[in-house]
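Source file input.txt; content: compact mmCIF, C-alpha atoms.
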# COMPACT_ATOMS: atom_id res chain seq x y z
CA MET V 1 -6.71 28.78 -20.52
CA ASN V 2 -3.29 29.20 -18.98
CA ARG V 3 -0.75 29.03 -21.78
CA HIS V 4 1.70 27.06 -19.60
CA GLU V 5 -0.65 24.55 -18.01
CA THR V 6 -1.44 22.40 -20.99
CA SER V 7 0.44 21.10 -23.98
CA PRO V 8 -0.25 19.02 -27.09
CA GLU V 9 1.10 16.03 -25.17
CA SER V 10 -1.37 16.45 -22.30
CA LYS V 11 -4.01 13.77 -21.82
CA PRO V 12 -7.39 14.01 -20.08
CA LEU V 13 -6.96 13.02 -16.45
CA ALA V 14 -9.05 9.94 -15.72
CA ALA V 15 -10.44 9.48 -12.21
CA GLU V 16 -8.14 6.54 -11.54
CA ASP V 17 -5.11 8.71 -12.47
CA GLN V 18 -5.83 11.43 -9.91
CA PRO V 19 -4.31 9.69 -6.83
CA THR V 20 -1.17 8.88 -8.83
CA ARG V 21 -0.81 12.45 -10.01
CA GLY V 22 -1.36 13.66 -6.46
CA ARG V 23 1.42 11.42 -5.14
CA ILE V 24 3.76 12.69 -7.84
CA VAL V 25 3.01 16.32 -7.03
CA ALA V 26 3.50 15.72 -3.29
CA ALA V 27 6.81 13.96 -3.88
CA ALA V 28 7.94 16.67 -6.30
CA LEU V 29 7.02 19.38 -3.83
CA HIS V 30 9.37 17.88 -1.25
CA GLU V 31 12.12 17.27 -3.82
CA PHE V 32 12.04 20.81 -5.20
CA ALA V 33 11.94 22.28 -1.69
CA VAL V 34 15.02 20.38 -0.57
CA HIS V 35 17.10 20.40 -3.76
CA GLY V 36 15.77 23.31 -5.80
CA ARG V 37 14.65 23.19 -9.41
CA GLU V 38 18.05 22.37 -10.84
CA GLY V 39 19.09 19.87 -8.19
CA ALA V 40 15.82 17.91 -8.15
CA ARG V 41 15.91 14.45 -9.71
CA ILE V 42 13.06 12.64 -11.39
CA ASP V 43 14.25 9.24 -10.14
CA ARG V 44 14.02 10.39 -6.52
CA ILE V 45 10.56 11.83 -7.14
CA ALA V 46 9.47 8.54 -8.72
CA GLN V 47 10.83 6.52 -5.80
CA THR V 48 9.11 8.73 -3.22
CA ALA V 49 5.82 8.67 -5.14
CA GLY V 50 6.01 4.90 -5.64
CA VAL V 51 5.81 5.12 -9.43
CA ASN V 52 8.21 4.60 -12.31
CA LYS V 53 9.76 7.51 -14.20
CA ALA V 54 7.63 6.82 -17.25
CA MET V 55 4.51 7.53 -15.18
CA ILE V 56 5.85 10.96 -14.29
CA TYR V 57 6.49 11.77 -17.94
CA TYR V 58 2.99 10.48 -18.75
CA HIS V 59 1.47 13.11 -16.48
CA PHE V 60 4.12 15.83 -16.93
CA ARG V 61 6.17 16.04 -20.10
CA SER V 62 9.35 17.21 -18.34
CA LYS V 63 10.87 18.06 -14.99
CA ASP V 64 10.44 21.73 -15.80
CA GLN V 65 6.74 21.26 -16.49
CA LEU V 66 6.36 19.34 -13.24
CA TYR V 67 8.02 22.19 -11.37
CA ILE V 68 5.75 24.77 -12.99
CA ASP V 69 2.65 22.72 -12.19
CA VAL V 70 3.67 22.32 -8.54
CA VAL V 71 4.19 26.04 -8.00
CA VAL V 72 1.17 27.14 -10.03
CA SER V 73 -1.09 24.63 -8.27
CA PHE V 74 -0.13 26.15 -4.94
CA ALA V 75 -0.75 29.69 -6.22
CA ARG V 76 -4.12 28.69 -7.69
CA ALA V 77 -5.25 27.15 -4.41
CA MET V 78 -4.16 30.24 -2.45
CA PHE V 79 -5.89 32.66 -4.81
CA GLN V 80 -9.10 30.63 -4.76
CA GLN V 81 -9.13 30.63 -0.97
CA ILE V 82 -8.76 34.40 -1.01
CA ARG V 83 -11.25 35.02 -3.82
CA GLY V 84 -14.44 33.84 -2.13
CA PRO V 85 -14.34 35.99 1.01
CA VAL V 86 -12.84 38.98 -0.83
CA PHE V 87 -15.69 39.03 -3.34
CA GLU V 88 -18.22 38.78 -0.52
CA THR V 89 -17.10 42.05 1.08
CA SER V 90 -17.58 45.63 -0.03
CA GLU V 91 -15.03 46.95 2.47
CA LEU V 92 -11.44 47.47 1.36
CA SER V 93 -10.19 47.01 4.92
CA ARG V 94 -11.74 43.55 5.16
CA ALA V 95 -10.46 42.54 1.72
CA LEU V 96 -6.93 43.56 2.71
CA GLU V 97 -7.21 41.71 6.02
CA ILE V 98 -8.17 38.53 4.17
CA MET V 99 -5.22 38.87 1.82
CA ALA V 100 -2.76 39.53 4.64
CA GLU V 101 -4.14 36.62 6.68
CA ARG V 102 -3.71 34.22 3.77
CA HIS V 103 -0.19 35.43 3.07
CA VAL V 104 0.74 34.70 6.69
CA GLU V 105 -0.86 31.26 6.57
CA ALA V 106 0.90 30.46 3.29
CA PHE V 107 4.36 31.47 4.41
CA LEU V 108 4.14 30.17 7.97
CA ASP V 109 2.30 26.89 7.44
CA ALA V 110 2.91 25.86 3.83
CA GLY V 111 5.76 23.53 4.71
CA PRO V 112 7.86 22.64 1.67
CA ILE V 113 6.25 25.21 -0.63
CA ARG V 114 7.77 28.08 1.37
CA PRO V 115 11.41 27.69 0.24
CA ILE V 116 10.22 27.19 -3.34
CA ILE V 117 8.19 30.41 -3.33
CA LEU V 118 11.00 32.34 -1.66
CA ARG V 119 13.43 31.15 -4.34
CA GLU V 120 11.00 32.25 -7.03
CA LEU V 121 10.60 35.67 -5.43
CA ALA V 122 14.37 36.07 -5.28
CA ASN V 123 15.09 34.62 -8.73
CA PRO V 124 11.89 34.46 -10.79
CA THR V 125 11.33 31.85 -13.48
CA PRO V 126 9.55 33.56 -16.41
CA GLU V 127 7.31 30.55 -17.14
CA VAL V 128 6.23 30.34 -13.51
CA MET V 129 5.62 34.07 -13.23
CA ASP V 130 3.59 34.10 -16.46
CA SER V 131 1.45 31.20 -15.27
CA ILE V 132 0.83 32.68 -11.82
CA ALA V 133 -0.05 36.03 -13.40
CA ASP V 134 -2.55 34.28 -15.67
CA VAL V 135 -4.15 32.50 -12.72
CA LEU V 136 -4.28 35.66 -10.60
CA THR V 137 -5.83 37.69 -13.42
CA SER V 138 -8.45 35.01 -14.03
CA THR V 139 -9.63 35.23 -10.40
CA GLY V 140 -10.53 38.90 -10.80
CA LEU V 141 -8.80 39.74 -7.51
CA PRO V 142 -6.66 42.62 -8.82
CA GLN V 143 -9.68 44.25 -10.43
CA LYS V 144 -11.75 43.78 -7.26
CA ILE V 145 -9.15 45.56 -5.12
CA MET V 146 -8.80 48.32 -7.72
CA THR V 147 -12.56 48.80 -7.72
CA LEU V 148 -12.70 49.11 -3.93
CA ILE V 149 -9.93 51.72 -3.94
CA GLU V 150 -11.61 53.62 -6.79
CA GLN V 151 -14.86 53.64 -4.82
CA GLY V 152 -13.04 55.13 -1.84
CA GLU V 153 -11.65 57.86 -4.06
CA LYS V 154 -15.14 58.66 -5.40
CA ASP V 155 -16.53 58.77 -1.87
CA GLY V 156 -13.83 61.22 -0.85
CA ARG V 157 -12.31 58.85 1.73
CA PHE V 158 -9.13 58.21 -0.23
CA ARG V 159 -6.87 60.67 -1.99
CA PRO V 160 -6.17 60.25 -5.72
CA ILE V 161 -3.32 57.82 -6.21
CA ASP V 162 -1.87 55.48 -8.82
CA ILE V 163 -3.82 52.38 -7.81
CA ARG V 164 -1.31 50.01 -9.37
CA GLN V 165 1.41 51.52 -7.21
CA ALA V 166 -0.83 51.16 -4.17
CA ILE V 167 -1.53 47.47 -4.78
CA VAL V 168 2.14 46.71 -5.37
CA ALA V 169 2.99 48.55 -2.16
CA PHE V 170 0.51 46.51 -0.14
CA VAL V 171 1.67 43.16 -1.51
CA SER V 172 5.29 44.17 -0.91
CA MET V 173 4.46 45.10 2.68
CA SER V 174 2.60 41.85 3.18
CA ILE V 175 5.18 39.37 1.88
CA GLY V 176 8.37 41.41 1.97
CA TYR V 177 9.18 40.49 5.56
CA PHE V 178 9.39 36.80 4.70
CA ILE V 179 12.14 37.48 2.19
CA ILE V 180 14.34 39.37 4.65
CA ALA V 181 13.20 37.68 7.87
CA PRO V 182 16.58 36.08 8.73
CA ILE V 183 18.19 39.52 8.78
CA GLN V 184 15.32 41.43 10.37
CA ASP V 185 14.78 38.87 13.12
CA ARG V 186 18.39 39.25 14.21
CA ALA V 187 18.56 43.02 13.79
CA LEU V 188 15.29 43.71 15.62
CA GLY V 189 15.47 40.91 18.18
CA ILE V 190 12.41 39.07 16.88
CA THR V 191 12.39 35.70 18.61
CA ASP V 192 8.80 34.60 17.98
CA ARG V 193 8.30 34.95 14.24
CA ALA V 194 4.79 33.45 14.22
CA SER V 195 3.46 35.91 16.79
CA PHE V 196 5.25 38.80 15.09
CA VAL V 197 3.79 38.18 11.63
CA ARG V 198 0.28 37.57 12.96
CA GLU V 199 0.42 40.95 14.66
CA ARG V 200 2.05 42.46 11.60
CA GLN V 201 -0.87 41.54 9.33
CA LYS V 202 -3.02 44.00 11.30
CA VAL V 203 -0.35 46.66 11.28
CA ILE V 204 0.23 46.64 7.52
CA VAL V 205 -3.50 46.99 6.77
CA ASP V 206 -3.68 49.96 9.15
CA LEU V 207 -0.56 51.57 7.65
CA PHE V 208 -1.79 51.05 4.11
CA LEU V 209 -5.26 52.47 4.72
CA ASN V 210 -3.82 55.50 6.52
CA GLY V 211 -1.65 56.09 3.49
CA LEU V 212 -4.74 56.21 1.27
CA LYS V 213 -6.78 58.54 3.43
CA VAL V 214 -7.35 62.14 2.40
CA ARG V 215 -4.87 64.39 4.20
What does this structure look like when you write it as structure tokens?
Amino acid sequence: MNRHETSPESKPLAAEDQPTRGRIVAAALHEFAVHGREGARIDRIAQTAGVNKAMIYYHFRSKDQLYIDVVVSFARAMFQQIRGPVFETSELSRALEIMAERHVEAFLDAGPIRPIILRELANPTPEVMDSIADVLTSTGLPQKIMTLIEQGEKDGRFRPIDIRQAIVAFVSMSIGYFIIAPIQDRALGITDRASFVRERQKVIVDLFLNGLKVR
């Protein structure tokens, strides 16, 4: 169980409560995207969701907990979408392609979640990072990628390397552009960001795999 997802105040979510909770999360997502964690206001979230403030505190004990749940829910959904196809393949190249594809989809098409995630990457909230780490670990994705790299080393296809460093390098390559895109687009004359990042997802997999190969 994620240590930040539940609390003594939490109540079982009845079926009739699910649409209400969904409206609150959707309204909060927009509010946090526009105003940030500190600037967001519960009364605006309540008005947008069509509920009273007490209903928000019924489902989420505080604004901070609501923020954590919004971000972690997005991360959980993304990891679950990646997990299925990654666990179905025995090829590292395909697993990396899936991860890169989902990163592009998340950062290009996620709408209001994008500025929230970028803020977290630039200025991490410990509670959010802990919760996302818990969710990621529970999917088994890091271990799956480590296993595929280890298998390549045993087969003699990949050179010995610190696998943790390798995974961090790939993730940094995959999402790093989105953090510095405003600068890079101007410096490199990138005018069609969507086309550039969709091409880039192929390039980073190729660069990463070539870095692993025995020299």
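You will find CA of Ile190 in chain V at 17.4 Å from CA of Met173 in chain V.
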Nearest residue to Asp206 in chain V from the set V:Thr89, V:Gln184, V:Ser174, V:Ser73 (distances using all atoms listed in the file):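 Smallest distance to Asp206 in chain V is found for V:Ser174.
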For a test of reading the model, state the distance in Å between CA of Asp64 in chain V and CA of Ala26 in chain V, rounded to one decimal.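 Computing it gives 15.5 Å between the two atoms.
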Name all residues at most 7 Å from Val197 in chain V (count all atoms listed in the file; drop same-chain ones fewer than 4 positions away) and give them as a ChimeraX atom specification. /V:104,193,201
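Proximity to Val171 in chain V was assessed for V:Leu29, V:Met129, V:Ile149, V:Leu96 counting all atoms listed in the file; the smallest distance is recorded for V:Leu96.
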Given only C-alpha atoms as the counted atoms, nearest of V:Ala28, V:Ala33, V:Leu66, V:Glu153 to Ala49 in chain V: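 Looking at the shortest contact to Ala49 in chain V, the residue is V:Ala28.
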So how far away is CA of Gln165 in chain V from CA of Ile145 in chain V, in Å?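 It comes out at 12.3 Å.
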Using all atoms listed in the file, which residue out of V:Arg21, V:His59, V:Lys144, V:Arg198 lies closest to Phe87 in chain V?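 Of all the options, V:Lys144 lies closest to Phe87 in chain V.
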So which one's closest to Leu209 in chain V, V:Ile161, V:Ile113, V:Ala106, V:Leu92? Using all atoms listed in the file, please.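 Result for the nearest residue to Leu209 in chain V: V:Leu92.
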Report as a PyMOL selection string all protein, DNA and RNA residues lying within 12 Å of Ala54 in chain V, evaluated on only C-alpha atoms, omitting residues in the same chain fewer than 3 positions from it. chain V and resi 24+42-43+45-47+50-51+57-63
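Distance check against His35 in chain V using all atoms listed in the file: of V:Val203, V:Arg119, V:Phe107, V:Pro19, the minimum falls on V:Arg119.
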Using the partial input, fill out range 183-202 of chain V with N, CA, C and O atoms; write the result as a PDB file, in the coordinates of the input.
ATOM      1  N   ILE V 183      17.440  38.335   8.395  1.00  0.00           N
ATOM      2  CA  ILE V 183      18.190  39.520   8.780  1.00  0.00           C
ATOM      3  C   ILE V 183      17.417  40.344   9.802  1.00  0.00           C
ATOM      4  O   ILE V 183      17.941  40.748  10.850  1.00  0.00           O
ATOM      5  N   GLN V 184      16.140  40.592   9.497  1.00  0.00           N
ATOM      6  CA  GLN V 184      15.320  41.430  10.370  1.00  0.00           C
ATOM      7  C   GLN V 184      15.144  40.822  11.755  1.00  0.00           C
ATOM      8  O   GLN V 184      15.140  41.525  12.764  1.00  0.00           O
ATOM      9  N   ASP V 185      14.958  39.516  11.822  1.00  0.00           N
ATOM     10  CA  ASP V 185      14.780  38.870  13.120  1.00  0.00           C
ATOM     11  C   ASP V 185      15.984  39.124  14.023  1.00  0.00           C
ATOM     12  O   ASP V 185      15.842  39.387  15.224  1.00  0.00           O
ATOM     13  N   ARG V 186      17.169  39.033  13.436  1.00  0.00           N
ATOM     14  CA  ARG V 186      18.390  39.250  14.210  1.00  0.00           C
ATOM     15  C   ARG V 186      18.571  40.727  14.559  1.00  0.00           C
ATOM     16  O   ARG V 186      18.920  41.082  15.692  1.00  0.00           O
ATOM     17  N   ALA V 187      18.336  41.591  13.577  1.00  0.00           N
ATOM     18  CA  ALA V 187      18.560  43.020  13.790  1.00  0.00           C
ATOM     19  C   ALA V 187      17.579  43.628  14.783  1.00  0.00           C
ATOM     20  O   ALA V 187      17.931  44.520  15.561  1.00  0.00           O
ATOM     21  N   LEU V 188      16.338  43.129  14.762  1.00  0.00           N
ATOM     22  CA  LEU V 188      15.290  43.710  15.620  1.00  0.00           C
ATOM     23  C   LEU V 188      14.982  42.866  16.840  1.00  0.00           C
ATOM     24  O   LEU V 188      14.081  43.202  17.612  1.00  0.00           O
ATOM     25  N   GLY V 189      15.696  41.760  17.008  1.00  0.00           N
ATOM     26  CA  GLY V 189      15.470  40.910  18.180  1.00  0.00           C
ATOM     27  C   GLY V 189      14.137  40.198  18.169  1.00  0.00           C
ATOM     28  O   GLY V 189      13.514  39.995  19.220  1.00  0.00           O
ATOM     29  N   ILE V 190      13.674  39.800  16.990  1.00  0.00           N
ATOM     30  CA  ILE V 190      12.410  39.070  16.880  1.00  0.00           C
ATOM     31  C   ILE V 190      12.665  37.599  17.144  1.00  0.00           C
ATOM     32  O   ILE V 190      13.348  36.930  16.372  1.00  0.00           O
ATOM     33  N   THR V 191      12.136  37.097  18.228  1.00  0.00           N
ATOM     34  CA  THR V 191      12.390  35.700  18.610  1.00  0.00           C
ATOM     35  C   THR V 191      11.193  34.794  18.373  1.00  0.00           C
ATOM     36  O   THR V 191      11.338  33.578  18.325  1.00  0.00           O
ATOM     37  N   ASP V 192      10.020  35.385  18.230  1.00  0.00           N
ATOM     38  CA  ASP V 192       8.800  34.600  17.980  1.00  0.00           C
ATOM     39  C   ASP V 192       8.218  35.074  16.650  1.00  0.00           C
ATOM     40  O   ASP V 192       7.368  35.960  16.618  1.00  0.00           O
ATOM     41  N   ARG V 193       8.702  34.494  15.561  1.00  0.00           N
ATOM     42  CA  ARG V 193       8.300  34.950  14.240  1.00  0.00           C
ATOM     43  C   ARG V 193       6.809  34.794  14.009  1.00  0.00           C
ATOM     44  O   ARG V 193       6.162  35.667  13.427  1.00  0.00           O
ATOM     45  N   ALA V 194       6.219  33.688  14.444  1.00  0.00           N
ATOM     46  CA  ALA V 194       4.790  33.450  14.220  1.00  0.00           C
ATOM     47  C   ALA V 194       3.940  34.535  14.844  1.00  0.00           C
ATOM     48  O   ALA V 194       3.027  35.086  14.218  1.00  0.00           O
ATOM     49  N   SER V 195       4.230  34.862  16.105  1.00  0.00           N
ATOM     50  CA  SER V 195       3.460  35.910  16.790  1.00  0.00           C
ATOM     51  C   SER V 195       3.685  37.263  16.116  1.00  0.00           C
ATOM     52  O   SER V 195       2.747  38.059  15.961  1.00  0.00           O
ATOM     53  N   PHE V 196       4.929  37.523  15.714  1.00  0.00           N
ATOM     54  CA  PHE V 196       5.250  38.800  15.090  1.00  0.00           C
ATOM     55  C   PHE V 196       4.471  39.005  13.797  1.00  0.00           C
ATOM     56  O   PHE V 196       3.879  40.066  13.581  1.00  0.00           O
ATOM     57  N   VAL V 197       4.442  37.995  12.920  1.00  0.00           N
ATOM     58  CA  VAL V 197       3.790  38.180  11.630  1.00  0.00           C
ATOM     59  C   VAL V 197       2.270  38.203  11.769  1.00  0.00           C
ATOM     60  O   VAL V 197       1.579  38.858  10.980  1.00  0.00           O
ATOM     61  N   ARG V 198       1.735  37.516  12.776  1.00  0.00           N
ATOM     62  CA  ARG V 198       0.280  37.570  12.960  1.00  0.00           C
ATOM     63  C   ARG V 198      -0.143  38.953  13.457  1.00  0.00           C
ATOM     64  O   ARG V 198      -1.215  39.447  13.097  1.00  0.00           O
ATOM     65  N   GLU V 199       0.690  39.585  14.252  1.00  0.00           N
ATOM     66  CA  GLU V 199       0.420  40.950  14.660  1.00  0.00           C
ATOM     67  C   GLU V 199       0.674  41.906  13.499  1.00  0.00           C
ATOM     68  O   GLU V 199      -0.051  42.889  13.302  1.00  0.00           O
ATOM     69  N   ARG V 200       1.671  41.603  12.715  1.00  0.00           N
ATOM     70  CA  ARG V 200       2.050  42.460  11.600  1.00  0.00           C
ATOM     71  C   ARG V 200       0.955  42.564  10.554  1.00  0.00           C
ATOM     72  O   ARG V 200       0.803  43.598   9.899  1.00  0.00           O
ATOM     73  N   GLN V 201       0.178  41.494  10.354  1.00  0.00           N
ATOM     74  CA  GLN V 201      -0.870  41.540   9.330  1.00  0.00           C
ATOM     75  C   GLN V 201      -1.897  42.621   9.648  1.00  0.00           C
ATOM     76  O   GLN V 201      -2.475  43.228   8.740  1.00  0.00           O
ATOM     77  N   LYS V 202      -2.112  42.917  10.928  1.00  0.00           N
ATOM     78  CA  LYS V 202      -3.020  44.000  11.300  1.00  0.00           C
ATOM     79  C   LYS V 202      -2.361  45.356  11.074  1.00  0.00           C
ATOM     80  O   LYS V 202      -3.004  46.309  10.620  1.00  0.00           O
TER      81      LYS V 202
END
